[in-house]
Amino acid sequence: MRLYSTKVSPIAAEVVRVLTASKDIEAETPREVEADVVAVLNNYLSLEREVNERTKDVLERTSRPQTEFNRIREQVAAQKGIKLGDEMLDFLLDQVVEIFHHSSNVDEIFCEDVELRRKMGPIFKKHMAVEDALDGEVRAQLKHLTEGTRTWDIEYARVLEQIKKKRGLA
């Protein structure tokens, strides 16, 4: 699963809508709570971009092969304090629950953190899985390139845009 910037607002809106409708959280201004969630998710995306760039720099500087990209990326992510891959969803859910506790926009939380996570998880998965299908299709077309290279990044963006246009998602 992967978080895409285009899914940040829909995820935030649905999370707040579901949690306020089920009376799990109370907020006088739900839009502000949405903005808090958007800020958390955008911060994650920013950190993830930094991790990817730093990983590429380390590989170039140390002349390591691109096959070590994922291993180095995980090390850099650990230094930045974020989780990637399979652990990303749990990390994001923890971050959103944490912002609910610290946000002045959330007036009251009426359930346990684990219940909040249980209700938010399927929302995140639904929005992130839509992009997984696209990602798989793009990766299938880019098998001839090495992931993590600048060429791969450029081609990935180009092919993804073509597929999104073809499916009417762009």
# chains A, B, ... in the order shown; residues from 1 in each chain; ligands from 1
$ select_by_dssp --residues "chain A" --states "alpha helix (DSSP H)" --output "PyMOL selection string"
chain A and resi 8-21+30-62+69-80+88-102+113-141+150-167
$ residues_around --residues "Ile109 (chain A)" --least-positions-apart "3" --cutoff "7 Å" --atoms "only C-alpha atoms" --output "ChimeraX atom specification"
/A:24-26
$ residues_around --residues "Met88 (chain A)" --least-positions-apart "6" --cutoff "10 Å" --atoms "only C-alpha atoms" --output "ChimeraX atom specification"
/A:1-3,44,82,94
$ residues_around --residues "Ala13 (chain A)" --least-positions-apart "2" --cutoff "9 Å" --atoms "only C-alpha atoms" --output "mmCIF file with C-alpha atoms, in the first residue's frame"
data_model
loop_
_atom_site.group_PDB
_atom_site.id
_atom_site.type_symbol
_atom_site.label_atom_id
_atom_site.label_comp_id
_atom_site.auth_asym_id
_atom_site.auth_seq_id
_atom_site.Cartn_x
_atom_site.Cartn_y
_atom_site.Cartn_z
ATOM 1 C CA VAL A 8 -4.888 12.802 1.456
ATOM 2 C CA SER A 9 -7.979 15.034 1.425
ATOM 3 C CA PRO A 10 -10.483 12.243 0.695
ATOM 4 C CA ILE A 11 -9.005 10.116 3.498
ATOM 5 C CA VAL A 15 -12.150 9.690 8.616
ATOM 6 C CA VAL A 16 -13.610 12.782 10.274
ATOM 7 C CA ARG A 17 -17.066 12.160 8.816
ATOM 8 C CA VAL A 18 -17.149 8.541 10.032
ATOM 9 C CA PRO A 30 -14.925 19.236 11.667
ATOM 10 C CA ARG A 31 -13.192 21.044 8.790
ATOM 11 C CA VAL A 33 -10.037 18.431 12.317
ATOM 12 C CA GLU A 34 -9.823 17.419 8.648
ATOM 13 C CA ALA A 35 -7.071 20.013 8.219
ATOM 14 C CA VAL A 37 -5.416 15.004 9.554
ATOM 15 C CA VAL A 38 -4.341 16.430 6.192
#
$ residues_around --residues "Tyr156 (chain A)" --least-positions-apart "3" --cutoff "10 Å" --atoms "only C-alpha atoms" --output "number ranges by chain"
A: 135, 138-139, 141-142, 145, 147, 150-153, 159-162
$ write_last_selection --atoms "N, CA, C and O atoms" --output "PDB file, in the first residue's frame"
ATOM      1  N   ASP A 135      -0.320   1.302  -9.388  1.00  0.00           N
ATOM      2  CA  ASP A 135       1.100   1.112  -9.140  1.00  0.00           C
ATOM      3  C   ASP A 135       1.590  -0.205  -9.740  1.00  0.00           C
ATOM      4  O   ASP A 135       2.635  -0.249 -10.384  1.00  0.00           O
ATOM      5  N   VAL A 138       1.823   0.124 -13.530  1.00  0.00           N
ATOM      6  CA  VAL A 138       2.979   0.934 -13.927  1.00  0.00           C
ATOM      7  C   VAL A 138       4.263   0.126 -13.767  1.00  0.00           C
ATOM      8  O   VAL A 138       5.115   0.092 -14.662  1.00  0.00           O
ATOM      9  N   ARG A 139       4.418  -0.529 -12.634  1.00  0.00           N
ATOM     10  CA  ARG A 139       5.628  -1.321 -12.372  1.00  0.00           C
ATOM     11  C   ARG A 139       5.787  -2.440 -13.394  1.00  0.00           C
ATOM     12  O   ARG A 139       6.907  -2.770 -13.786  1.00  0.00           O
ATOM     13  N   GLN A 141       5.007  -2.288 -16.460  1.00  0.00           N
ATOM     14  CA  GLN A 141       5.514  -1.690 -17.693  1.00  0.00           C
ATOM     15  C   GLN A 141       6.959  -1.207 -17.552  1.00  0.00           C
ATOM     16  O   GLN A 141       7.621  -0.952 -18.548  1.00  0.00           O
ATOM     17  N   LEU A 142       7.437  -1.089 -16.319  1.00  0.00           N
ATOM     18  CA  LEU A 142       8.792  -0.555 -16.100  1.00  0.00           C
ATOM     19  C   LEU A 142       9.773  -1.619 -15.615  1.00  0.00           C
ATOM     20  O   LEU A 142      10.794  -1.290 -15.009  1.00  0.00           O
ATOM     21  N   LEU A 145      13.557  -1.202 -16.117  1.00  0.00           N
ATOM     22  CA  LEU A 145      14.315  -0.158 -15.417  1.00  0.00           C
ATOM     23  C   LEU A 145      14.565  -0.566 -13.970  1.00  0.00           C
ATOM     24  O   LEU A 145      13.803  -1.329 -13.386  1.00  0.00           O
ATOM     25  N   GLU A 147      14.497   0.257 -10.140  1.00  0.00           N
ATOM     26  CA  GLU A 147      13.802   1.155  -9.219  1.00  0.00           C
ATOM     27  C   GLU A 147      14.804   1.959  -8.400  1.00  0.00           C
ATOM     28  O   GLU A 147      15.823   1.443  -7.964  1.00  0.00           O
ATOM     29  N   ARG A 150      16.974   7.806 -11.222  1.00  0.00           N
ATOM     30  CA  ARG A 150      16.261   9.002 -11.685  1.00  0.00           C
ATOM     31  C   ARG A 150      15.431   8.688 -12.932  1.00  0.00           C
ATOM     32  O   ARG A 150      14.323   9.187 -13.083  1.00  0.00           O
ATOM     33  N   THR A 151      15.963   7.855 -13.804  1.00  0.00           N
ATOM     34  CA  THR A 151      15.232   7.455 -15.010  1.00  0.00           C
ATOM     35  C   THR A 151      13.948   6.725 -14.624  1.00  0.00           C
ATOM     36  O   THR A 151      12.892   6.983 -15.202  1.00  0.00           O
ATOM     37  N   TRP A 152      14.051   5.836 -13.635  1.00  0.00           N
ATOM     38  CA  TRP A 152      12.876   5.107 -13.177  1.00  0.00           C
ATOM     39  C   TRP A 152      11.834   6.070 -12.639  1.00  0.00           C
ATOM     40  O   TRP A 152      10.649   5.938 -12.940  1.00  0.00           O
ATOM     41  N   ASP A 153      12.252   7.049 -11.852  1.00  0.00           N
ATOM     42  CA  ASP A 153      11.316   8.024 -11.287  1.00  0.00           C
ATOM     43  C   ASP A 153      10.594   8.800 -12.380  1.00  0.00           C
ATOM     44  O   ASP A 153       9.381   8.997 -12.312  1.00  0.00           O
ATOM     45  N   VAL A 159       4.389   7.178 -17.038  1.00  0.00           N
ATOM     46  CA  VAL A 159       3.497   6.048 -17.294  1.00  0.00           C
ATOM     47  C   VAL A 159       2.270   6.108 -16.378  1.00  0.00           C
ATOM     48  O   VAL A 159       1.150   5.840 -16.814  1.00  0.00           O
ATOM     49  N   LEU A 160       2.472   6.490 -15.122  1.00  0.00           N
ATOM     50  CA  LEU A 160       1.348   6.628 -14.195  1.00  0.00           C
ATOM     51  C   LEU A 160       0.346   7.653 -14.722  1.00  0.00           C
ATOM     52  O   LEU A 160      -0.864   7.419 -14.699  1.00  0.00           O
ATOM     53  N   GLU A 161       0.840   8.765 -15.200  1.00  0.00           N
ATOM     54  CA  GLU A 161      -0.042   9.803 -15.742  1.00  0.00           C
ATOM     55  C   GLU A 161      -0.816   9.283 -16.954  1.00  0.00           C
ATOM     56  O   GLU A 161      -2.007   9.553 -17.098  1.00  0.00           O
ATOM     57  N   GLN A 162      -0.153   8.534 -17.822  1.00  0.00           N
ATOM     58  CA  GLN A 162      -0.827   7.958 -18.992  1.00  0.00           C
ATOM     59  C   GLN A 162      -1.951   7.012 -18.579  1.00  0.00           C
ATOM     60  O   GLN A 162      -3.059   7.065 -19.118  1.00  0.00           O
TER      61      GLN A 162
END
$ residues_around --residues "Arg54 (chain A)" --least-positions-apart "2" --cutoff "12 Å" --atoms "only C-alpha atoms" --output "JSON, numbers by chain"
{"A": [47, 48, 49, 50, 51, 52, 56, 57, 58, 59, 60, 61, 69, 72, 73, 74, 75, 76, 77, 79, 80, 148]}
$ write_last_selection --atoms "C-alpha atoms" --output "CSV table (one decimal), in the first residue's frame"
chain,number,residue,atom,x,y,z
A,47,LEU,CA,9.3,12.9,5.1
A,48,GLU,CA,8.9,10.0,2.7
A,49,ARG,CA,10.2,12.2,-0.2
A,50,GLU,CA,13.1,13.3,1.9
A,51,VAL,CA,13.9,9.6,2.7
A,52,ASN,CA,13.8,8.7,-1.0
A,56,LYS,CA,19.4,8.1,-3.7
A,57,ASP,CA,22.1,10.5,-2.5
A,58,VAL,CA,23.7,7.8,-0.3
A,59,LEU,CA,23.7,5.3,-3.1
A,60,GLU,CA,25.3,7.8,-5.5
A,61,ARG,CA,27.8,9.0,-2.9
A,69,PHE,CA,17.9,0.9,-2.5
A,72,ILE,CA,19.2,1.8,2.6
A,73,ARG,CA,15.8,3.4,2.4
A,74,GLU,CA,14.6,1.6,5.5
A,75,GLN,CA,17.8,2.7,7.4
A,76,VAL,CA,17.2,6.3,6.4
A,77,ALA,CA,13.5,6.1,7.3
A,79,GLN,CA,16.8,7.8,11.2
A,80,LYS,CA,13.9,10.1,10.3
A,148,GLY,CA,15.3,4.1,-7.4
$ select_by_dssp --residues "chain A" --states "strand (DSSP E)" --output "list in words"
Ile25, Glu26, Glu108 and Ile109 of chain A
$ write_last_selection --atoms "all heavy atoms" --output "PDB file, in the first residue's frame"
ATOM      1  N   ILE A  25     -15.752  10.913  18.108  1.00  0.00           N
ATOM      2  CA  ILE A  25     -15.106  12.189  18.444  1.00  0.00           C
ATOM      3  C   ILE A  25     -16.137  13.293  18.306  1.00  0.00           C
ATOM      4  O   ILE A  25     -17.113  13.157  17.559  1.00  0.00           O
ATOM      5  CB  ILE A  25     -13.864  12.505  17.557  1.00  0.00           C
ATOM      6  CG1 ILE A  25     -14.254  12.701  16.091  1.00  0.00           C
ATOM      7  CG2 ILE A  25     -12.782  11.461  17.728  1.00  0.00           C
ATOM      8  CD1 ILE A  25     -13.120  13.218  15.213  1.00  0.00           C
ATOM      9  N   GLU A  26     -15.907  14.353  19.034  1.00  0.00           N
ATOM     10  CA  GLU A  26     -16.778  15.520  18.949  1.00  0.00           C
ATOM     11  C   GLU A  26     -15.911  16.697  18.552  1.00  0.00           C
ATOM     12  O   GLU A  26     -14.844  16.922  19.135  1.00  0.00           O
ATOM     13  CB  GLU A  26     -17.423  15.775  20.305  1.00  0.00           C
ATOM     14  CG  GLU A  26     -18.444  16.896  20.294  1.00  0.00           C
ATOM     15  CD  GLU A  26     -19.081  17.037  21.662  1.00  0.00           C
ATOM     16  OE1 GLU A  26     -19.912  16.171  22.010  1.00  0.00           O
ATOM     17  OE2 GLU A  26     -18.727  18.001  22.374  1.00  0.00           O
ATOM     18  N   GLU A 108     -13.714  16.378  22.135  1.00  0.00           N
ATOM     19  CA  GLU A 108     -13.804  15.219  23.026  1.00  0.00           C
ATOM     20  C   GLU A 108     -13.616  13.948  22.216  1.00  0.00           C
ATOM     21  O   GLU A 108     -14.040  13.853  21.066  1.00  0.00           O
ATOM     22  CB  GLU A 108     -15.187  15.200  23.689  1.00  0.00           C
ATOM     23  CG  GLU A 108     -15.325  14.247  24.829  1.00  0.00           C
ATOM     24  CD  GLU A 108     -14.573  14.686  26.068  1.00  0.00           C
ATOM     25  OE1 GLU A 108     -14.648  15.874  26.440  1.00  0.00           O
ATOM     26  OE2 GLU A 108     -13.905  13.833  26.671  1.00  0.00           O
ATOM     27  N   ILE A 109     -12.975  12.959  22.837  1.00  0.00           N
ATOM     28  CA  ILE A 109     -12.827  11.626  22.253  1.00  0.00           C
ATOM     29  C   ILE A 109     -13.577  10.670  23.172  1.00  0.00           C
ATOM     30  O   ILE A 109     -13.307  10.617  24.367  1.00  0.00           O
ATOM     31  CB  ILE A 109     -11.344  11.219  22.146  1.00  0.00           C
ATOM     32  CG1 ILE A 109     -10.597  12.212  21.255  1.00  0.00           C
ATOM     33  CG2 ILE A 109     -11.219   9.795  21.611  1.00  0.00           C
ATOM     34  CD1 ILE A 109      -9.098  12.003  21.214  1.00  0.00           C
TER      35      ILE A 109
END
$ atom_distance --atom1 "CA of Ala27 (chain A)" --atom2 "CA of Ser46 (chain A)"
27.1 Å
$ closest_residue --among "A:Leu116, A:Ile163, A:Ile99, A:Ala78" --to "Glu137 (chain A)" --atoms "only C-alpha atoms"
A:Ile163
$ closest_residue --among "A:Asn70, A:Leu41, A:Ala21, A:Ser104" --to "Lys7 (chain A)" --atoms "only C-alpha atoms"
A:Leu41
$ atom_distance --atom1 "CA of Arg117 (chain A)" --atom2 "CA of Phe100 (chain A)"
11.5 Å
$ closest_residue --among "A:Gln95, A:Glu68, A:Val106, A:Lys83" --to "Glu32 (chain A)" --atoms "only C-alpha atoms"
A:Val106
$ atom_distance --atom1 "CA of Met128 (chain A)" --atom2 "CA of Leu19 (chain A)"
19.0 Å
$ residues_around --residues "Arg118 (chain A)" --least-positions-apart "2" --cutoff "12 Å" --atoms "only C-alpha atoms" --output "PDB file with N, CA and C atoms, in the first residue's frame"
ATOM      1  N   VAL A  15     -12.479  10.046   7.226  1.00  0.00           N
ATOM      2  CA  VAL A  15     -12.150   9.690   8.616  1.00  0.00           C
ATOM      3  C   VAL A  15     -12.944  10.561   9.577  1.00  0.00           C
ATOM      4  N   VAL A  18     -16.779   9.809   9.389  1.00  0.00           N
ATOM      5  CA  VAL A  18     -17.149   8.541  10.032  1.00  0.00           C
ATOM      6  C   VAL A  18     -17.044   8.646  11.549  1.00  0.00           C
ATOM      7  N   LEU A  19     -15.971   9.237  12.039  1.00  0.00           N
ATOM      8  CA  LEU A  19     -15.777   9.309  13.492  1.00  0.00           C
ATOM      9  C   LEU A  19     -16.746  10.277  14.165  1.00  0.00           C
ATOM     10  N   ASP A  24     -17.721   9.064  17.939  1.00  0.00           N
ATOM     11  CA  ASP A  24     -16.464   8.656  18.573  1.00  0.00           C
ATOM     12  C   ASP A  24     -15.608   9.873  18.922  1.00  0.00           C
ATOM     13  N   LEU A  89       0.925   1.779   7.478  1.00  0.00           N
ATOM     14  CA  LEU A  89      -0.471   1.999   7.867  1.00  0.00           C
ATOM     15  C   LEU A  89      -0.593   2.147   9.383  1.00  0.00           C
ATOM     16  N   ASP A  90       0.028   1.259  10.135  1.00  0.00           N
ATOM     17  CA  ASP A  90      -0.018   1.363  11.599  1.00  0.00           C
ATOM     18  C   ASP A  90       0.594   2.683  12.065  1.00  0.00           C
ATOM     19  N   LEU A  93      -1.888   5.532  11.303  1.00  0.00           N
ATOM     20  CA  LEU A  93      -3.026   5.486  12.218  1.00  0.00           C
ATOM     21  C   LEU A  93      -2.618   6.011  13.595  1.00  0.00           C
ATOM     22  N   ASP A  94      -1.443   5.624  14.054  1.00  0.00           N
ATOM     23  CA  ASP A  94      -0.938   6.131  15.342  1.00  0.00           C
ATOM     24  C   ASP A  94      -0.794   7.646  15.317  1.00  0.00           C
ATOM     25  N   VAL A  97      -4.315   9.309  15.420  1.00  0.00           N
ATOM     26  CA  VAL A  97      -4.875   9.221  16.775  1.00  0.00           C
ATOM     27  C   VAL A  97      -4.168  10.221  17.687  1.00  0.00           C
ATOM     28  N   CYS A 111     -14.002   7.209  22.704  1.00  0.00           N
ATOM     29  CA  CYS A 111     -13.674   5.786  22.640  1.00  0.00           C
ATOM     30  C   CYS A 111     -12.171   5.587  22.784  1.00  0.00           C
ATOM     31  N   GLU A 112     -11.784   4.356  22.920  1.00  0.00           N
ATOM     32  CA  GLU A 112     -10.376   4.007  23.083  1.00  0.00           C
ATOM     33  C   GLU A 112      -9.624   4.205  21.759  1.00  0.00           C
ATOM     34  N   ASP A 113      -8.320   4.389  21.880  1.00  0.00           N
ATOM     35  CA  ASP A 113      -7.483   4.577  20.691  1.00  0.00           C
ATOM     36  C   ASP A 113      -7.588   3.396  19.733  1.00  0.00           C
ATOM     37  N   VAL A 114      -7.630   2.194  20.285  1.00  0.00           N
ATOM     38  CA  VAL A 114      -7.710   1.001  19.445  1.00  0.00           C
ATOM     39  C   VAL A 114      -9.003   0.992  18.621  1.00  0.00           C
ATOM     40  N   GLU A 115     -10.082   1.524  19.179  1.00  0.00           N
ATOM     41  CA  GLU A 115     -11.347   1.597  18.443  1.00  0.00           C
ATOM     42  C   GLU A 115     -11.259   2.638  17.324  1.00  0.00           C
ATOM     43  N   LEU A 116     -10.607   3.756  17.591  1.00  0.00           N
ATOM     44  CA  LEU A 116     -10.391   4.761  16.540  1.00  0.00           C
ATOM     45  C   LEU A 116      -9.595   4.143  15.388  1.00  0.00           C
ATOM     46  N   MET A 120     -10.677   3.657  11.469  1.00  0.00           N
ATOM     47  CA  MET A 120      -9.950   4.384  10.426  1.00  0.00           C
ATOM     48  C   MET A 120      -9.226   3.458   9.459  1.00  0.00           C
ATOM     49  N   GLY A 121      -8.802   2.292   9.926  1.00  0.00           N
ATOM     50  CA  GLY A 121      -8.019   1.367   9.101  1.00  0.00           C
ATOM     51  C   GLY A 121      -8.641   1.052   7.754  1.00  0.00           C
ATOM     52  N   PRO A 122      -9.904   0.617   7.730  1.00  0.00           N
ATOM     53  CA  PRO A 122     -10.518   0.298   6.433  1.00  0.00           C
ATOM     54  C   PRO A 122     -10.618   1.504   5.488  1.00  0.00           C
ATOM     55  N   ILE A 123     -10.767   2.689   6.039  1.00  0.00           N
ATOM     56  CA  ILE A 123     -10.835   3.898   5.204  1.00  0.00           C
ATOM     57  C   ILE A 123      -9.486   4.111   4.516  1.00  0.00           C
ATOM     58  N   PHE A 124      -8.426   4.036   5.293  1.00  0.00           N
ATOM     59  CA  PHE A 124      -7.088   4.185   4.720  1.00  0.00           C
ATOM     60  C   PHE A 124      -6.841   3.111   3.660  1.00  0.00           C
ATOM     61  N   LYS A 125      -7.161   1.865   3.996  1.00  0.00           N
ATOM     62  CA  LYS A 125      -6.910   0.755   3.073  1.00  0.00           C
ATOM     63  C   LYS A 125      -7.669   0.932   1.772  1.00  0.00           C
TER      64      LYS A 125
END
